[in-house]
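What's in target19.pdb: PDB, C-alpha atoms and all ligand atoms
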ATOM      1  CA  MET A   1       0.000   0.000   0.000
ATOM      2  CA  LYS A   2       1.176   3.536  -0.783
ATOM      3  CA  LYS A   3       2.442   5.665   2.094
ATOM      4  CA  ASP A   4       1.519   8.990   0.437
ATOM      5  CA  LEU A   5      -1.062  10.519  -1.865
ATOM      6  CA  ILE A   6       0.839  12.658  -4.339
ATOM      7  CA  SER A   7      -0.778  11.842  -7.692
ATOM      8  CA  ILE A   8      -3.877   9.919  -8.793
ATOM      9  CA  LEU A   9      -1.670   8.296 -11.436
ATOM     10  CA  ASP A  10      -0.065   6.290  -8.598
ATOM     11  CA  LEU A  11      -3.423   4.753  -7.607
ATOM     12  CA  SER A  12      -5.247   1.728  -8.960
ATOM     13  CA  LYS A  13      -8.903   1.633  -9.970
ATOM     14  CA  GLU A  14      -9.571  -0.726  -7.029
ATOM     15  CA  TYR A  15      -7.951   1.687  -4.572
ATOM     16  CA  ILE A  16     -10.046   4.606  -5.842
ATOM     17  CA  GLU A  17     -13.227   2.542  -5.732
ATOM     18  CA  SER A  18     -12.541   1.523  -2.145
ATOM     19  CA  LEU A  19     -11.998   5.206  -1.252
ATOM     20  CA  PHE A  20     -15.370   6.018  -2.818
ATOM     21  CA  GLU A  21     -17.056   3.272  -0.843
ATOM     22  CA  ILE A  22     -15.663   4.656   2.408
ATOM     23  CA  ALA A  23     -16.631   8.210   1.392
ATOM     24  CA  ARG A  24     -20.171   7.096   0.580
ATOM     25  CA  ALA A  25     -20.486   5.531   4.037
ATOM     26  CA  PHE A  26     -19.220   8.749   5.662
ATOM     27  CA  LYS A  27     -21.733  10.806   3.718
ATOM     28  CA  LYS A  28     -24.539   8.602   5.084
ATOM     29  CA  ASP A  29     -23.205   8.489   8.621
ATOM     30  CA  PRO A  30     -20.532  11.149   9.288
ATOM     31  CA  PHE A  31     -19.670   9.981  12.801
ATOM     32  CA  SER A  32     -19.568   6.232  12.191
ATOM     33  CA  LYS A  33     -15.828   6.119  12.866
ATOM     34  CA  SER A  34     -15.482   8.804  15.510
ATOM     35  CA  THR A  35     -12.538   7.130  17.258
ATOM     36  CA  ALA A  36     -10.729   5.670  14.227
ATOM     37  CA  LEU A  37      -7.948   8.281  14.400
ATOM     38  CA  LYS A  38      -8.052   8.828  18.160
ATOM     39  CA  SER A  39      -4.847  10.471  19.453
ATOM     40  CA  LYS A  40      -3.595  11.021  15.901
ATOM     41  CA  SER A  41      -2.458  14.426  14.706
ATOM     42  CA  ILE A  42      -1.749  15.843  11.283
ATOM     43  CA  ALA A  43      -0.325  19.169  10.154
ATOM     44  CA  LEU A  44      -1.594  21.203   7.246
ATOM     45  CA  VAL A  45       1.555  22.719   5.761
ATOM     46  CA  PHE A  46       0.086  25.372   3.481
ATOM     47  CA  GLU A  47       2.036  27.869   1.357
ATOM     48  CA  LYS A  48      -1.158  29.203  -0.262
ATOM     49  CA  PRO A  49      -4.637  30.175   0.995
ATOM     50  CA  SER A  50      -7.451  27.623   1.206
ATOM     51  CA  ASN A  51     -11.077  27.267   2.202
ATOM     52  CA  ARG A  52     -12.263  23.777   1.122
ATOM     53  CA  THR A  53      -9.023  21.827   1.502
ATOM     54  CA  ARG A  54      -8.114  23.254   4.871
ATOM     55  CA  VAL A  55     -11.585  23.116   6.391
ATOM     56  CA  SER A  56     -12.444  19.647   5.075
ATOM     57  CA  PHE A  57      -9.211  18.146   6.408
ATOM     58  CA  GLU A  58      -9.527  19.899   9.781
ATOM     59  CA  VAL A  59     -13.177  18.910  10.246
ATOM     60  CA  GLY A  60     -12.410  15.458   8.879
ATOM     61  CA  MET A  61      -9.750  14.864  11.524
ATOM     62  CA  VAL A  62     -12.128  15.946  14.306
ATOM     63  CA  ASP A  63     -14.902  13.679  12.941
ATOM     64  CA  LEU A  64     -12.464  10.763  13.103
ATOM     65  CA  GLY A  65     -11.344  11.542  16.654
ATOM     66  CA  GLY A  66      -8.030  13.153  15.718
ATOM     67  CA  HIS A  67      -6.545  16.619  15.599
ATOM     68  CA  ALA A  68      -5.154  18.947  12.902
ATOM     69  CA  ILE A  69      -2.645  21.788  13.208
ATOM     70  CA  TYR A  70      -2.644  24.499  10.542
ATOM     71  CA  LEU A  71       0.829  25.744   9.619
ATOM     72  CA  GLY A  72       0.323  28.584   7.154
ATOM     73  CA  PRO A  73       2.834  30.428   4.991
ATOM     74  CA  ASP A  74       4.072  32.576   7.896
ATOM     75  CA  GLU A  75       4.807  29.678  10.265
ATOM     76  CA  LEU A  76       7.107  27.294   8.439
ATOM     77  CA  LYS A  77       8.379  29.258   5.435
ATOM     78  CA  LEU A  78       9.065  25.949   3.720
ATOM     79  CA  GLY A  79      12.532  25.848   2.190
ATOM     80  CA  VAL A  80      13.385  29.351   3.432
ATOM     81  CA  ARG A  81      13.449  29.225   7.229
ATOM     82  CA  GLU A  82      14.171  25.514   7.092
ATOM     83  CA  SER A  83      14.839  22.987   4.318
ATOM     84  CA  VAL A  84      11.960  20.837   3.118
ATOM     85  CA  LYS A  85      13.969  17.813   4.220
ATOM     86  CA  ASP A  86      14.335  19.056   7.815
ATOM     87  CA  VAL A  87      10.652  20.007   7.999
ATOM     88  CA  GLY A  88       9.690  16.485   6.887
ATOM     89  CA  LYS A  89      12.086  14.755   9.261
ATOM     90  CA  VAL A  90      11.081  16.848  12.283
ATOM     91  CA  LEU A  91       7.313  16.762  11.681
ATOM     92  CA  SER A  92       7.558  12.970  11.325
ATOM     93  CA  ARG A  93       8.675  12.823  14.971
ATOM     94  CA  TYR A  94       5.518  14.617  16.194
ATOM     95  CA  LEU A  95       2.738  13.715  13.819
ATOM     96  CA  ASP A  96       0.875  10.934  12.028
ATOM     97  CA  GLY A  97       0.415  12.701   8.704
ATOM     98  CA  ILE A  98       0.934  15.881   6.684
ATOM     99  CA  VAL A  99      -1.303  17.602   4.143
ATOM    100  CA  ALA A 100       0.873  19.921   2.065
ATOM    101  CA  ARG A 101      -0.144  22.755  -0.246
ATOM    102  CA  THR A 102       2.946  23.971  -2.062
ATOM    103  CA  PHE A 103       3.866  26.124  -5.012
ATOM    104  CA  SER A 104       6.486  23.795  -6.463
ATOM    105  CA  HIS A 105       5.402  20.195  -7.021
ATOM    106  CA  LYS A 106       8.994  19.152  -6.251
ATOM    107  CA  ASP A 107       8.519  20.383  -2.678
ATOM    108  CA  VAL A 108       5.598  18.065  -1.942
ATOM    109  CA  VAL A 109       7.483  15.155  -3.511
ATOM    110  CA  GLU A 110      10.562  15.973  -1.418
ATOM    111  CA  LEU A 111       8.492  16.344   1.738
ATOM    112  CA  ALA A 112       7.058  12.865   1.155
ATOM    113  CA  ARG A 113      10.517  11.464   0.470
ATOM    114  CA  PHE A 114      11.952  12.692   3.755
ATOM    115  CA  SER A 115       8.881  12.083   5.931
ATOM    116  CA  SER A 116       8.297   8.717   7.514
ATOM    117  CA  ILE A 117       4.578   9.555   7.834
ATOM    118  CA  PRO A 118       1.978   9.832   5.031
ATOM    119  CA  VAL A 119       2.091  13.046   3.003
ATOM    120  CA  ILE A 120      -1.066  14.087   1.161
ATOM    121  CA  ASN A 121      -0.809  16.548  -1.719
ATOM    122  CA  GLY A 122      -3.335  19.286  -0.898
ATOM    123  CA  LEU A 123      -2.536  21.080  -4.203
ATOM    124  CA  SER A 124       0.709  21.899  -5.939
ATOM    125  CA  ASP A 125       1.302  23.879  -9.095
ATOM    126  CA  LEU A 126       1.100  20.574 -10.985
ATOM    127  CA  LEU A 127      -1.625  18.526  -9.294
ATOM    128  CA  HIS A 128      -4.655  18.586  -7.019
ATOM    129  CA  PRO A 129      -5.393  14.889  -6.383
ATOM    130  CA  CYS A 130      -7.824  15.384  -3.468
ATOM    131  CA  GLN A 131      -9.935  17.584  -5.741
ATOM    132  CA  GLY A 132      -9.760  15.124  -8.644
ATOM    133  CA  LEU A 133     -10.823  12.217  -6.443
ATOM    134  CA  SER A 134     -13.753  14.150  -4.953
ATOM    135  CA  ASP A 135     -14.844  15.255  -8.416
ATOM    136  CA  LEU A 136     -14.927  11.705  -9.731
ATOM    137  CA  PHE A 137     -16.837  10.717  -6.598
ATOM    138  CA  THR A 138     -19.385  13.471  -7.342
ATOM    139  CA  ILE A 139     -19.695  12.341 -10.977
ATOM    140  CA  LYS A 140     -20.297   8.767  -9.802
ATOM    141  CA  GLU A 141     -22.868   9.998  -7.293
ATOM    142  CA  LYS A 142     -24.761  11.861 -10.043
ATOM    143  CA  PHE A 143     -24.504   9.315 -12.878
ATOM    144  CA  GLY A 144     -23.842   5.952 -11.221
ATOM    145  CA  GLU A 145     -22.349   3.440 -13.661
ATOM    146  CA  GLU A 146     -23.642   5.346 -16.726
ATOM    147  CA  LYS A 147     -21.062   6.147 -19.412
ATOM    148  CA  VAL A 148     -20.467   9.887 -19.338
ATOM    149  CA  LYS A 149     -18.539  12.405 -21.381
ATOM    150  CA  ILE A 150     -16.685  14.929 -19.239
ATOM    151  CA  ALA A 151     -15.778  18.223 -20.928
ATOM    152  CA  PHE A 152     -13.192  20.403 -19.237
ATOM    153  CA  VAL A 153     -13.011  23.929 -20.661
ATOM    154  CA  GLY A 154     -10.305  26.322 -19.498
ATOM    155  CA  ASP A 155      -6.816  26.163 -18.077
ATOM    156  CA  GLY A 156      -4.784  22.961 -18.298
ATOM    157  CA  ASN A 157      -3.491  23.369 -14.782
ATOM    158  CA  ASN A 158      -3.369  21.370 -11.509
ATOM    159  CA  VAL A 159      -7.126  20.677 -11.228
ATOM    160  CA  LEU A 160      -7.370  19.439 -14.801
ATOM    161  CA  ASN A 161      -4.136  17.413 -14.545
ATOM    162  CA  SER A 162      -5.643  15.480 -11.625
ATOM    163  CA  LEU A 163      -9.112  15.124 -13.163
ATOM    164  CA  LEU A 164      -7.495  13.792 -16.324
ATOM    165  CA  SER A 165      -5.337  11.400 -14.281
ATOM    166  CA  GLY A 166      -8.420  10.069 -12.483
ATOM    167  CA  CYS A 167     -10.304   9.647 -15.772
ATOM    168  CA  SER A 168      -7.418   7.608 -17.171
ATOM    169  CA  VAL A 169      -7.314   5.265 -14.149
ATOM    170  CA  LEU A 170     -11.105   4.837 -14.017
ATOM    171  CA  GLY A 171     -11.541   4.439 -17.795
ATOM    172  CA  LYS A 172     -13.622   7.569 -18.381
ATOM    173  CA  HIS A 173     -14.136   9.763 -21.446
ATOM    174  CA  ILE A 174     -12.728  13.262 -21.027
ATOM    175  CA  CYS A 175     -12.445  16.026 -23.597
ATOM    176  CA  VAL A 176     -10.235  18.987 -22.755
ATOM    177  CA  ALA A 177     -10.555  22.378 -24.462
ATOM    178  CA  THR A 178      -7.798  24.876 -23.746
ATOM    179  CA  PRO A 179      -6.306  27.794 -25.614
ATOM    180  CA  LYS A 180      -3.066  26.930 -27.441
ATOM    181  CA  GLY A 181      -0.156  26.890 -24.996
ATOM    182  CA  HIS A 182      -2.362  26.108 -21.995
ATOM    183  CA  GLU A 183      -2.747  22.364 -22.527
ATOM    184  CA  PRO A 184      -2.411  19.908 -19.617
ATOM    185  CA  ASP A 185       1.076  18.972 -18.430
ATOM    186  CA  LYS A 186       2.917  16.845 -21.018
ATOM    187  CA  GLY A 187       4.336  14.426 -18.443
ATOM    188  CA  VAL A 188       0.934  13.834 -16.843
ATOM    189  CA  LEU A 189      -0.643  13.399 -20.265
ATOM    190  CA  LYS A 190       1.970  10.861 -21.346
ATOM    191  CA  LYS A 191       1.386   8.682 -18.276
ATOM    192  CA  ALA A 192      -2.394   9.130 -18.479
ATOM    193  CA  ASP A 193      -2.351   8.059 -22.157
ATOM    194  CA  LEU A 194      -0.430   4.912 -21.265
ATOM    195  CA  ILE A 195      -2.874   4.020 -18.482
ATOM    196  CA  ALA A 196      -5.822   4.858 -20.762
ATOM    197  CA  LYS A 197      -4.760   2.135 -23.217
ATOM    198  CA  LYS A 198      -5.403  -0.478 -20.543
ATOM    199  CA  SER A 199      -8.400   1.136 -18.825
ATOM    200  CA  ASN A 200     -10.177   2.037 -22.093
ATOM    201  CA  ALA A 201     -10.325   5.688 -21.081
ATOM    202  CA  MET A 202     -10.717   8.211 -23.899
ATOM    203  CA  ILE A 203      -8.709  11.440 -23.634
ATOM    204  CA  GLU A 204      -9.322  14.098 -26.271
ATOM    205  CA  LEU A 205      -7.600  17.480 -26.546
ATOM    206  CA  THR A 206      -8.881  20.403 -28.587
ATOM    207  CA  ASN A 207      -8.712  24.178 -28.803
ATOM    208  CA  ASP A 208     -12.415  24.345 -29.654
ATOM    209  CA  PRO A 209     -14.679  24.680 -26.577
ATOM    210  CA  VAL A 210     -17.932  24.175 -28.546
ATOM    211  CA  LYS A 211     -16.718  20.919 -30.099
ATOM    212  CA  CYS A 212     -15.595  19.730 -26.685
ATOM    213  CA  VAL A 213     -18.849  20.514 -24.890
ATOM    214  CA  LYS A 214     -21.013  18.899 -27.616
ATOM    215  CA  SER A 215     -22.929  15.968 -26.101
ATOM    216  CA  ALA A 216     -21.094  16.295 -22.771
ATOM    217  CA  ASP A 217     -22.740  15.162 -19.531
ATOM    218  CA  VAL A 218     -20.333  17.119 -17.333
ATOM    219  CA  VAL A 219     -18.981  20.598 -18.074
ATOM    220  CA  TYR A 220     -16.102  21.501 -15.775
ATOM    221  CA  THR A 221     -14.005  24.636 -15.445
ATOM    222  CA  ASP A 222     -11.366  26.116 -13.126
ATOM    223  CA  VAL A 223     -10.054  29.658 -12.691
ATOM    224  CA  TRP A 224      -7.933  31.136 -15.467
ATOM    225  CA  ILE A 225      -5.663  32.864 -12.958
ATOM    226  CA  SER A 226      -4.469  30.303 -10.438
ATOM    227  CA  MET A 227      -2.899  31.196  -7.104
ATOM    228  CA  GLY A 228       0.527  32.696  -7.802
ATOM    229  CA  GLN A 229      -0.260  33.648 -11.426
ATOM    230  CA  GLU A 230      -1.513  37.178 -10.734
ATOM    231  CA  SER A 231       1.365  38.792 -12.682
ATOM    232  CA  VAL A 232       0.239  37.186 -15.963
ATOM    233  CA  ARG A 233      -3.406  38.069 -15.405
ATOM    234  CA  SER A 234      -4.039  40.360 -18.377
ATOM    235  CA  LYS A 235      -2.249  38.041 -20.809
ATOM    236  CA  LYS A 236      -4.290  35.065 -19.669
ATOM    237  CA  ILE A 237      -7.610  36.914 -19.717
ATOM    238  CA  THR A 238      -7.013  37.699 -23.400
ATOM    239  CA  ALA A 239      -5.978  34.127 -24.232
ATOM    240  CA  PHE A 240      -9.004  32.564 -22.506
ATOM    241  CA  LYS A 241     -11.716  34.972 -23.759
ATOM    242  CA  LYS A 242     -13.486  32.309 -25.864
ATOM    243  CA  PHE A 243     -13.329  29.706 -23.099
ATOM    244  CA  GLN A 244     -15.896  31.101 -20.687
ATOM    245  CA  VAL A 245     -18.512  28.617 -19.463
ATOM    246  CA  ASN A 246     -21.711  30.571 -20.124
ATOM    247  CA  LYS A 247     -25.289  29.795 -21.145
ATOM    248  CA  LYS A 248     -24.437  29.768 -24.845
ATOM    249  CA  LEU A 249     -21.589  27.277 -24.427
ATOM    250  CA  LEU A 250     -23.663  25.114 -22.085
ATOM    251  CA  SER A 251     -26.449  24.936 -24.701
ATOM    252  CA  HIS A 252     -24.197  22.580 -26.709
ATOM    253  CA  ALA A 253     -24.002  20.043 -23.869
ATOM    254  CA  ASN A 254     -26.503  17.239 -23.250
ATOM    255  CA  LYS A 255     -29.773  18.247 -21.642
ATOM    256  CA  GLY A 256     -29.326  17.747 -17.911
ATOM    257  CA  ALA A 257     -25.539  18.061 -18.103
ATOM    258  CA  ILE A 258     -24.038  19.031 -14.770
ATOM    259  CA  VAL A 259     -21.726  22.013 -14.306
ATOM    260  CA  MET A 260     -18.716  21.588 -12.058
ATOM    261  CA  HIS A 261     -16.115  23.984 -10.671
ATOM    262  CA  CYS A 262     -13.536  23.212  -7.983
ATOM    263  CA  LEU A 263     -14.021  26.709  -6.500
ATOM    264  CA  PRO A 264     -12.981  29.381  -5.670
ATOM    265  CA  ALA A 265     -14.561  30.815  -8.829
ATOM    266  CA  HIS A 266     -13.717  34.132 -10.427
ATOM    267  CA  ARG A 267     -17.333  34.881 -11.305
ATOM    268  CA  GLY A 268     -17.663  36.656 -14.660
ATOM    269  CA  GLU A 269     -14.294  35.337 -15.884
ATOM    270  CA  GLU A 270     -14.157  31.561 -16.480
ATOM    271  CA  ILE A 271     -17.868  31.128 -15.604
ATOM    272  CA  THR A 272     -20.927  33.384 -15.491
ATOM    273  CA  ASP A 273     -23.087  33.857 -12.385
ATOM    274  CA  GLU A 274     -26.030  32.567 -14.374
ATOM    275  CA  VAL A 275     -24.341  29.185 -14.952
ATOM    276  CA  LEU A 276     -22.626  28.885 -11.585
ATOM    277  CA  ASP A 277     -25.922  29.585  -9.785
ATOM    278  CA  GLY A 278     -28.052  27.817 -12.397
ATOM    279  CA  LYS A 279     -30.023  24.592 -12.113
ATOM    280  CA  ASN A 280     -27.299  22.484 -13.748
ATOM    281  CA  SER A 281     -24.648  23.547 -11.270
ATOM    282  CA  VAL A 282     -23.551  20.998  -8.649
ATOM    283  CA  VAL A 283     -20.674  23.064  -7.266
ATOM    284  CA  TYR A 284     -21.820  23.043  -3.647
ATOM    285  CA  ASP A 285     -22.403  19.260  -3.665
ATOM    286  CA  GLN A 286     -18.945  19.033  -5.153
ATOM    287  CA  ALA A 287     -17.515  21.197  -2.365
ATOM    288  CA  GLU A 288     -19.332  19.159   0.297
ATOM    289  CA  ASN A 289     -17.967  15.921  -1.113
ATOM    290  CA  ARG A 290     -14.445  17.151  -0.439
ATOM    291  CA  LEU A 291     -15.153  16.462   3.253
ATOM    292  CA  HIS A 292     -16.382  12.891   2.747
ATOM    293  CA  VAL A 293     -13.564  11.991   0.371
ATOM    294  CA  GLN A 294     -10.905  13.646   2.540
ATOM    295  CA  LYS A 295     -12.082  11.540   5.480
ATOM    296  CA  ALA A 296     -11.810   8.402   3.349
ATOM    297  CA  ILE A 297      -8.241   9.375   2.381
ATOM    298  CA  LEU A 298      -7.302  10.043   6.011
ATOM    299  CA  LEU A 299      -8.765   6.752   7.161
ATOM    300  CA  LYS A 300      -7.048   4.802   4.416
ATOM    301  CA  LEU A 301      -3.614   6.357   4.940
ATOM    302  CA  LEU A 302      -3.552   6.909   8.688
ATOM    303  CA  SER A 303      -5.480   4.008  10.154
ATOM    304  CA  LYS A 304      -3.902   0.576  10.143
ATOM    305  CA  LYS A 305      -7.288  -1.127   9.973
ATOM    306  CA  THR A 306      -8.431  -0.217   6.420
TER     307      THR A 306
HETATM  308  N1  LIG A 401     -11.012  23.648  -4.416
HETATM  309  C1  LIG A 401     -10.115  23.929  -3.468
HETATM  310  O1  LIG A 401      -9.088  23.244  -3.285
HETATM  311  O2  LIG A 401     -10.425  25.008  -2.710
HETATM  312  P1  LIG A 401      -9.475  25.738  -1.667
HETATM  313  O3  LIG A 401      -8.353  26.349  -2.454
HETATM  314  O4  LIG A 401     -10.339  26.744  -1.019
HETATM  315  O5  LIG A 401      -8.945  24.720  -0.709
HETATM  316  N1  LIG A 402      -6.108  26.124 -10.245
HETATM  317  C1  LIG A 402      -6.492  26.719  -8.995
HETATM  318  C2  LIG A 402      -7.203  25.736  -8.138
HETATM  319  C3  LIG A 402      -7.665  26.229  -6.802
HETATM  320  C4  LIG A 402      -8.342  25.175  -6.003
HETATM  321  C5  LIG A 402      -5.251  27.260  -8.309
HETATM  322  O1  LIG A 402      -4.216  26.600  -8.339
HETATM  323  O2  LIG A 402      -5.318  28.358  -7.759
END
The structure given in the file should be rewritten as structure tokens.
Amino acid sequence: MKKDLISILDLSKEYIESLFEIARAFKKDPFSKSTALKSKSIALVFEKPSNRTRVSFEVGMVDLGGHAIYLGPDELKLGVRESVKDVGKVLSRYLDGIVARTFSHKDVVELARFSSIPVINGLSDLLHPCQGLSDLFTIKEKFGEEKVKIAFVGDGNNVLNSLLSGCSVLGKHICVATPKGHEPDKGVLKKADLIAKKSNAMIELTNDPVKCVKSADVVYTDVWISMGQESVRSKKITAFKKFQVNKKLLSHANKGAIVMHCLPAHRGEEITDEVLDGKNSVVYDQAENRLHVQKAILLKLLSKKT
């Protein structure tokens, strides 16, 4: 069994399905395992702000009988006040797990390498596996075993890289529409394509949002300006102009298609208020599911009994 959760590409279909089963049970009965992580502590080592990831992991630990310590950008100053290696080695002497939100993906990988306790990637500039897993859980909750087409329109960044990874492992159909130069990470795509050959997943890339959304059951977007990208804001806004998820674009999707967004949203940029607040939107269910899936991840990695 894996010690850490860094990338969905490291997981098997069986592992993901067992996570979903645990998450489903937590959604039905949130306090069914209220002593499973008794006396266990984790730290949230966060270099960037967070609402969903931080709160779901903190509440999740309490629900499971454990405790979480938030170490924000001003506490640790990862790699500046202290090396990533020393942070990992020292925290391993106090804690039972770490959730890390870093700028550089290398930092979360290095933290996992030097920690003897599980390290969970709570978002890096490359990946957001906890989000990707929750999103696939939400899609399964809405569509069951039905075959669905997932259309992602927008920036080929961390959220998409993980969604795409999950689709490849679970054998799903995903179409990705990005402006030229904003495609998903090449390394992630290469591995996902290899896995897709065995899982029968279908991964399509295009620069045409309308073509991508045609006959989709899920329309997903993420912000155009991710955390840390503020300096390239105006350039990106211009590049992404035709990639807004609005009523007109959504009209090309299947009737009853669901609209997903990892949140936070930059309303009026990558998505309109009308769509985000519309009847097809499942964004708050999606946000809620972060809690149930995070608890499943914690239980699986931190408790010896699962
Ligand atoms: N979707 C997500 O990870 O949200 P936060 O950045 O608020 O944690
Ligand atoms: N792509 C976004 C996701 C936030 C959850 C970012 O990195 O800021």
At most 12 Å is the cut-off: for each residue in chain A with any atom that close to an atom of ligand LIG 402 (chain A), write down the nearest atom pair and the distance in Å rounded to one decimal, counting all atoms listed in the file, chain first then increasing number, as a tab-separated table.
residue	atom	partner	partner_atom	distance
A:Glu47	CA	A:LIG402	O1	11.6
A:Lys48	CA	A:LIG402	O2	8.6
A:Pro49	CA	A:LIG402	O2	9.0
A:Ser50	CA	A:LIG402	C4	7.7
A:Asn51	CA	A:LIG402	C4	8.9
A:Arg52	CA	A:LIG402	C4	8.3
A:Thr53	CA	A:LIG402	C4	8.2
A:Arg54	CA	A:LIG402	C4	11.0
A:Arg101	CA	A:LIG402	O1	9.8
A:Thr102	CA	A:LIG402	O1	9.9
A:Phe103	CA	A:LIG402	O1	8.8
A:Ser104	CA	A:LIG402	O1	11.2
A:His105	CA	A:LIG402	O1	11.6
A:Gly122	CA	A:LIG402	C4	9.3
A:Leu123	CA	A:LIG402	O1	7.1
A:Ser124	CA	A:LIG402	O1	7.2
A:Asp125	CA	A:LIG402	O1	6.2
A:Leu126	CA	A:LIG402	O1	8.5
A:Leu127	CA	A:LIG402	O1	8.5
A:His128	CA	A:LIG402	C4	7.6
A:Pro129	CA	A:LIG402	C4	10.7
A:Cys130	CA	A:LIG402	C4	10.1
A:Gln131	CA	A:LIG402	C4	7.8
A:Gly132	CA	A:LIG402	C4	10.5
A:Gly154	CA	A:LIG402	N1	10.2
A:Asp155	CA	A:LIG402	N1	7.9
A:Gly156	CA	A:LIG402	N1	8.8
A:Asn157	CA	A:LIG402	N1	5.9
A:Asn158	CA	A:LIG402	N1	5.6
A:Val159	CA	A:LIG402	N1	5.6
A:Leu160	CA	A:LIG402	N1	8.2
A:Asn161	CA	A:LIG402	N1	9.9
A:Ser162	CA	A:LIG402	N1	10.7
A:Leu163	CA	A:LIG402	N1	11.8
A:Pro184	CA	A:LIG402	N1	11.8
A:Thr221	CA	A:LIG402	N1	9.6
A:Asp222	CA	A:LIG402	N1	6.0
A:Val223	CA	A:LIG402	N1	5.8
A:Trp224	CA	A:LIG402	N1	7.5
A:Ile225	CA	A:LIG402	O2	6.9
A:Ser226	CA	A:LIG402	O2	3.4
A:Met227	CA	A:LIG402	O2	3.8
A:Gly228	CA	A:LIG402	O2	7.3
A:Gln229	CA	A:LIG402	O2	8.2
A:Glu230	CA	A:LIG402	O2	10.1
A:His261	CA	A:LIG402	C4	9.1
A:Cys262	CA	A:LIG402	C4	5.9
A:Leu263	CA	A:LIG402	C4	5.9
A:Pro264	CA	A:LIG402	C4	6.3
A:Ala265	CA	A:LIG402	C3	8.5
A:His266	CA	A:LIG402	C1	10.5
A:Glu270	CA	A:LIG402	N1	11.5
A:Ala287	CA	A:LIG402	C4	10.6
A:Arg290	CA	A:LIG402	C4	11.5
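Across A:Thr206, A:Ile237, A:Lys186, A:Val99, the tightest approach to ligand LIG 401 (chain A) is made by A:Val99 when counting all atoms listed in the file.
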Worksheet entry | Reference answer for the PyMOL selection byres (((chain A and resi 280) around 12) and not hetatm), as a PyMOL selection string | chain A and resi 142+217-220+246-247+250-251+253-261+274-279+281-285
Fill in: Straight-line distance linking atom CA of Ile117 of chain A with atom CA of Tyr94 of chain A, stated in Å to one decimal
9.8 Å
Worksheet item: Do you know which residues the PyMOL selection byres (((chain A and resi 192) around 9) and not hetatm) returns on this file, as a PyMOL selection string?
Response: chain A and resi 9+164-169+187-191+193-197+203
Selection above as a file: C-alpha atoms, as a PDB file, in the frame of the given file:
ATOM      1  CA  LEU A   9      -1.670   8.296 -11.436  1.00  0.00           C
ATOM      2  CA  LEU A 164      -7.495  13.792 -16.324  1.00  0.00           C
ATOM      3  CA  SER A 165      -5.337  11.400 -14.281  1.00  0.00           C
ATOM      4  CA  GLY A 166      -8.420  10.069 -12.483  1.00  0.00           C
ATOM      5  CA  CYS A 167     -10.304   9.647 -15.772  1.00  0.00           C
ATOM      6  CA  SER A 168      -7.418   7.608 -17.171  1.00  0.00           C
ATOM      7  CA  VAL A 169      -7.314   5.265 -14.149  1.00  0.00           C
ATOM      8  CA  GLY A 187       4.336  14.426 -18.443  1.00  0.00           C
ATOM      9  CA  VAL A 188       0.934  13.834 -16.843  1.00  0.00           C
ATOM     10  CA  LEU A 189      -0.643  13.399 -20.265  1.00  0.00           C
ATOM     11  CA  LYS A 190       1.970  10.861 -21.346  1.00  0.00           C
ATOM     12  CA  LYS A 191       1.386   8.682 -18.276  1.00  0.00           C
ATOM     13  CA  ASP A 193      -2.351   8.059 -22.157  1.00  0.00           C
ATOM     14  CA  LEU A 194      -0.430   4.912 -21.265  1.00  0.00           C
ATOM     15  CA  ILE A 195      -2.874   4.020 -18.482  1.00  0.00           C
ATOM     16  CA  ALA A 196      -5.822   4.858 -20.762  1.00  0.00           C
ATOM     17  CA  LYS A 197      -4.760   2.135 -23.217  1.00  0.00           C
ATOM     18  CA  ILE A 203      -8.709  11.440 -23.634  1.00  0.00           C
TER      19      ILE A 203
END
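With distances restricted to all atoms listed in the file, A:Phe46 is the closest residue to ligand LIG 401 (chain A) from A:Glu21, A:Phe46, A:Gly144, A:Ile69.
Applied to the file shown here, the PyMOL selection byres (((chain A and resi 210) around 9) and not hetatm) selects the residues Ala177, Asp208, Pro209, Lys211, Cys212, Val213, Lys214, Leu249, Leu250, His252 and Ala253 of chain A.
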Fill in: Pick from A:Leu19, A:Leu76, A:Leu136, A:Leu71, whichever lies nearest to Gln286 of chain A using all atoms listed in the file
A:Leu136
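Of note, atom CA of Phe26 of chain A and atom CA of Leu133 of chain A are spaced 15.1 Å apart.
Going from atom CA of Ser12 of chain A to atom CA of Leu170 of chain A covers 8.3 Å.
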Centre, edges in Å (one decimal): axis-aligned box, segment 184-188 of chain A, 6 Å padding on all six sides, as lines of an AutoDock Vina configuration file:
center_x = 1.0
center_y = 16.9
center_z = -18.9
size_x = 18.7
size_y = 18.1
size_z = 16.2
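Shortest separation to ligand LIG 401 (chain A) among A:Tyr15, A:Phe57, A:Phe243, A:Phe31 occurs at residue A:Phe57, atoms counted being all atoms listed in the file.
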